[in-house]
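**Q** Quick one: the structure is below, and I'll ask about it shortly.
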Amino acid sequence: MQRETAFEDVVPLRPGEEEQRRALLGEMKKSIESPRIRESGTRGPCEYVTGIGLLFSAPHEVAQLRDGEEKVAERGTGDLAFALAGITGASALATVGLQSGDPNWDLNHPYVNTARDLAGTAPIIDLHMMRPRGPDICIGLGPEPALSEGLWRPLLEEAVESGLRASVNWPFGANARTVTGQLQRLGHAAVQVELSWECFDEGHPAMLRAWTTLARAATRLAVPPAAD
């Protein structure tokens, strides 16, 4: 039986690249402390910053209630969203405080409406954390994959360039009830990004690669393509 790969099997970074990525990660962490706007919602509060070009979303930053059962918080996804917004001048949104529902499960959740208002015509990248399943990063294209076109390729390319184990639509494809699925139903360009637990562990090398992967992809996505 073939052994499942571990992060230690990943190809080392090129000489000098780790230093560049550490500098980028340092800039990202500075952005986390930027002032945020707090909004009270009927199913729980959220915080956001406004910008242009993209919206980074973290609907599971705090614990949620799904069908009456509490689901564990995906701590760190909010910081990642605000870090990415900070270095690209984009918008970011995350749940905070006590929630009485789950934006990634409840149809027509107020969080989705807030995301829609913040995004305007900008694409949305919805960030999540997954338990170890093999990939370091999973890109979910949603129920209307055409609305993820132009978003997933830079994410996948940067993940491969970083040596991360990447997958598309497995184990999470972003079904119709997810934030990504609901936003796509409303006509928005959106994609779901799941990162393994290790990608939020300061002591694990996956964090450096994963966060800078998203930063590099976001920088590409924030700049409109040049006209032919």
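Following the order of the structure tokens, first chain is A, next is B, and so on, with residues numbered from 1 inside each chain and ligands from 1 in the order they appear.
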Which of range 82-224 of chain A counts as strand (DSSP E or B) under DSSP, as a PyMOL selection string please?
**A** chain A and resi 91-95+124-130+137-140+166-168+190-196
**Q** Restrict the calculation to only C-alpha atoms, then for each residue of range 117-185 of chain A with any atom at most 9 Å from an atom of range 101-113 of chain A give the closest atom pair and their distance in Å to one decimal, rows by chain and rising residue number, as JSON lines.
**A**
```
{"residue": "A:Asp117", "atom": "CA", "partner": "A:Asn113", "partner_atom": "CA", "distance": 6.2}
{"residue": "A:Leu118", "atom": "CA", "partner": "A:Asn113", "partner_atom": "CA", "distance": 8.6}
{"residue": "A:Ala176", "atom": "CA", "partner": "A:Trp105", "partner_atom": "CA", "distance": 8.9}
{"residue": "A:Arg177", "atom": "CA", "partner": "A:Trp105", "partner_atom": "CA", "distance": 5.1}
{"residue": "A:Thr178", "atom": "CA", "partner": "A:Asn104", "partner_atom": "CA", "distance": 4.2}
{"residue": "A:Val179", "atom": "CA", "partner": "A:Asn104", "partner_atom": "CA", "distance": 5.0}
{"residue": "A:Thr180", "atom": "CA", "partner": "A:Asn104", "partner_atom": "CA", "distance": 8.2}
{"residue": "A:Gly181", "atom": "CA", "partner": "A:Asn104", "partner_atom": "CA", "distance": 8.9}
{"residue": "A:Gln182", "atom": "CA", "partner": "A:Leu107", "partner_atom": "CA", "distance": 7.3}
{"residue": "A:Leu183", "atom": "CA", "partner": "A:Val112", "partner_atom": "CA", "distance": 7.1}
```
**Q** Sort by chain and increasing residue number a table of all residues of range 91-196 of chain A within 12 Å of range 18-39 of chain A, each with its closest pair of atoms and their distance in Å to one decimal, counting only C-alpha atoms, and write it as JSON lines.
**A**
```
{"residue": "A:Ser91", "atom": "CA", "partner": "A:Arg36", "partner_atom": "CA", "distance": 10.5}
{"residue": "A:Ala92", "atom": "CA", "partner": "A:Arg36", "partner_atom": "CA", "distance": 9.2}
{"residue": "A:Leu93", "atom": "CA", "partner": "A:Arg36", "partner_atom": "CA", "distance": 9.2}
{"residue": "A:Ala94", "atom": "CA", "partner": "A:Arg38", "partner_atom": "CA", "distance": 9.8}
{"residue": "A:Thr95", "atom": "CA", "partner": "A:Glu39", "partner_atom": "CA", "distance": 9.6}
{"residue": "A:Val96", "atom": "CA", "partner": "A:Arg38", "partner_atom": "CA", "distance": 8.7}
{"residue": "A:Gly97", "atom": "CA", "partner": "A:Arg38", "partner_atom": "CA", "distance": 10.4}
{"residue": "A:Pro110", "atom": "CA", "partner": "A:Glu39", "partner_atom": "CA", "distance": 10.8}
{"residue": "A:Tyr111", "atom": "CA", "partner": "A:Glu39", "partner_atom": "CA", "distance": 10.1}
{"residue": "A:Thr114", "atom": "CA", "partner": "A:Glu39", "partner_atom": "CA", "distance": 9.3}
{"residue": "A:Ala115", "atom": "CA", "partner": "A:Glu39", "partner_atom": "CA", "distance": 11.9}
{"residue": "A:Leu118", "atom": "CA", "partner": "A:Ile37", "partner_atom": "CA", "distance": 11.9}
{"residue": "A:Ser162", "atom": "CA", "partner": "A:Arg21", "partner_atom": "CA", "distance": 10.1}
```
**Q** Could you produce a table of the residues of range 58-89 of chain A lying within 9 Å of range 129-151 of chain A, with the nearest pair of atoms per residue and their separation in Å rounded to one decimal, using only C-alpha atoms, ordered by chain and increasing residue number, as JSON lines?
**A**
```
{"residue": "A:His60", "atom": "CA", "partner": "A:Met129", "partner_atom": "CA", "distance": 8.4}
{"residue": "A:Glu74", "atom": "CA", "partner": "A:Met129", "partner_atom": "CA", "distance": 5.7}
{"residue": "A:Arg75", "atom": "CA", "partner": "A:Met129", "partner_atom": "CA", "distance": 8.2}
{"residue": "A:Gly76", "atom": "CA", "partner": "A:Met129", "partner_atom": "CA", "distance": 8.5}
{"residue": "A:Thr77", "atom": "CA", "partner": "A:Met129", "partner_atom": "CA", "distance": 7.0}
```
**Q** Nearest residue to His204 in chain A out of A:Glu61, A:Glu8, A:Glu161, A:Asp67, using only C-alpha atoms?
**A** A:Glu8
**Q** Using only C-alpha atoms, which of A:Ala73, A:Leu164, A:Gly51, A:Cys46 sits nearest Pro205 in chain A?
**A**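 Counting only C-alpha atoms, the residue closest to Pro205 in chain A is A:Leu164.
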**Q** Closest to Val11 in chain A among A:Ala119, A:Leu186, A:Val223, A:Ala206, using only C-alpha atoms?
**A**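 When distances to Val11 in chain A are compared using only C-alpha atoms, the smallest one comes from A:Ala206.
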**Q** What does the distance from CA of Thr88 in chain A to CA of Ala222 in chain A come to in Å, to one decimal?
**A** 6.7 Å
**Q** CA of Ile124 in chain A and CA of Val168 in chain A, how far apart in Å?
**A**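 Computing the Euclidean distance for CA of Val168 in chain A and CA of Ile124 in chain A yields 17.0 Å.
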**Q** Considering only C-alpha atoms, give me a table of residues in range 184-204 of chain A that are at most 12 Å from range 55-59 of chain A, with the closest atom pair and distance in Å for each, as JSON lines.
**A**
```
{"residue": "A:His188", "atom": "CA", "partner": "A:Leu55", "partner_atom": "CA", "distance": 11.2}
{"residue": "A:Ala189", "atom": "CA", "partner": "A:Leu55", "partner_atom": "CA", "distance": 10.5}
{"residue": "A:Ala190", "atom": "CA", "partner": "A:Leu55", "partner_atom": "CA", "distance": 9.3}
{"residue": "A:Val191", "atom": "CA", "partner": "A:Phe56", "partner_atom": "CA", "distance": 10.1}
{"residue": "A:Gln192", "atom": "CA", "partner": "A:Ser57", "partner_atom": "CA", "distance": 9.3}
{"residue": "A:Val193", "atom": "CA", "partner": "A:Ser57", "partner_atom": "CA", "distance": 10.0}
{"residue": "A:Glu194", "atom": "CA", "partner": "A:Ala58", "partner_atom": "CA", "distance": 10.7}
{"residue": "A:Leu195", "atom": "CA", "partner": "A:Ala58", "partner_atom": "CA", "distance": 12.0}
```
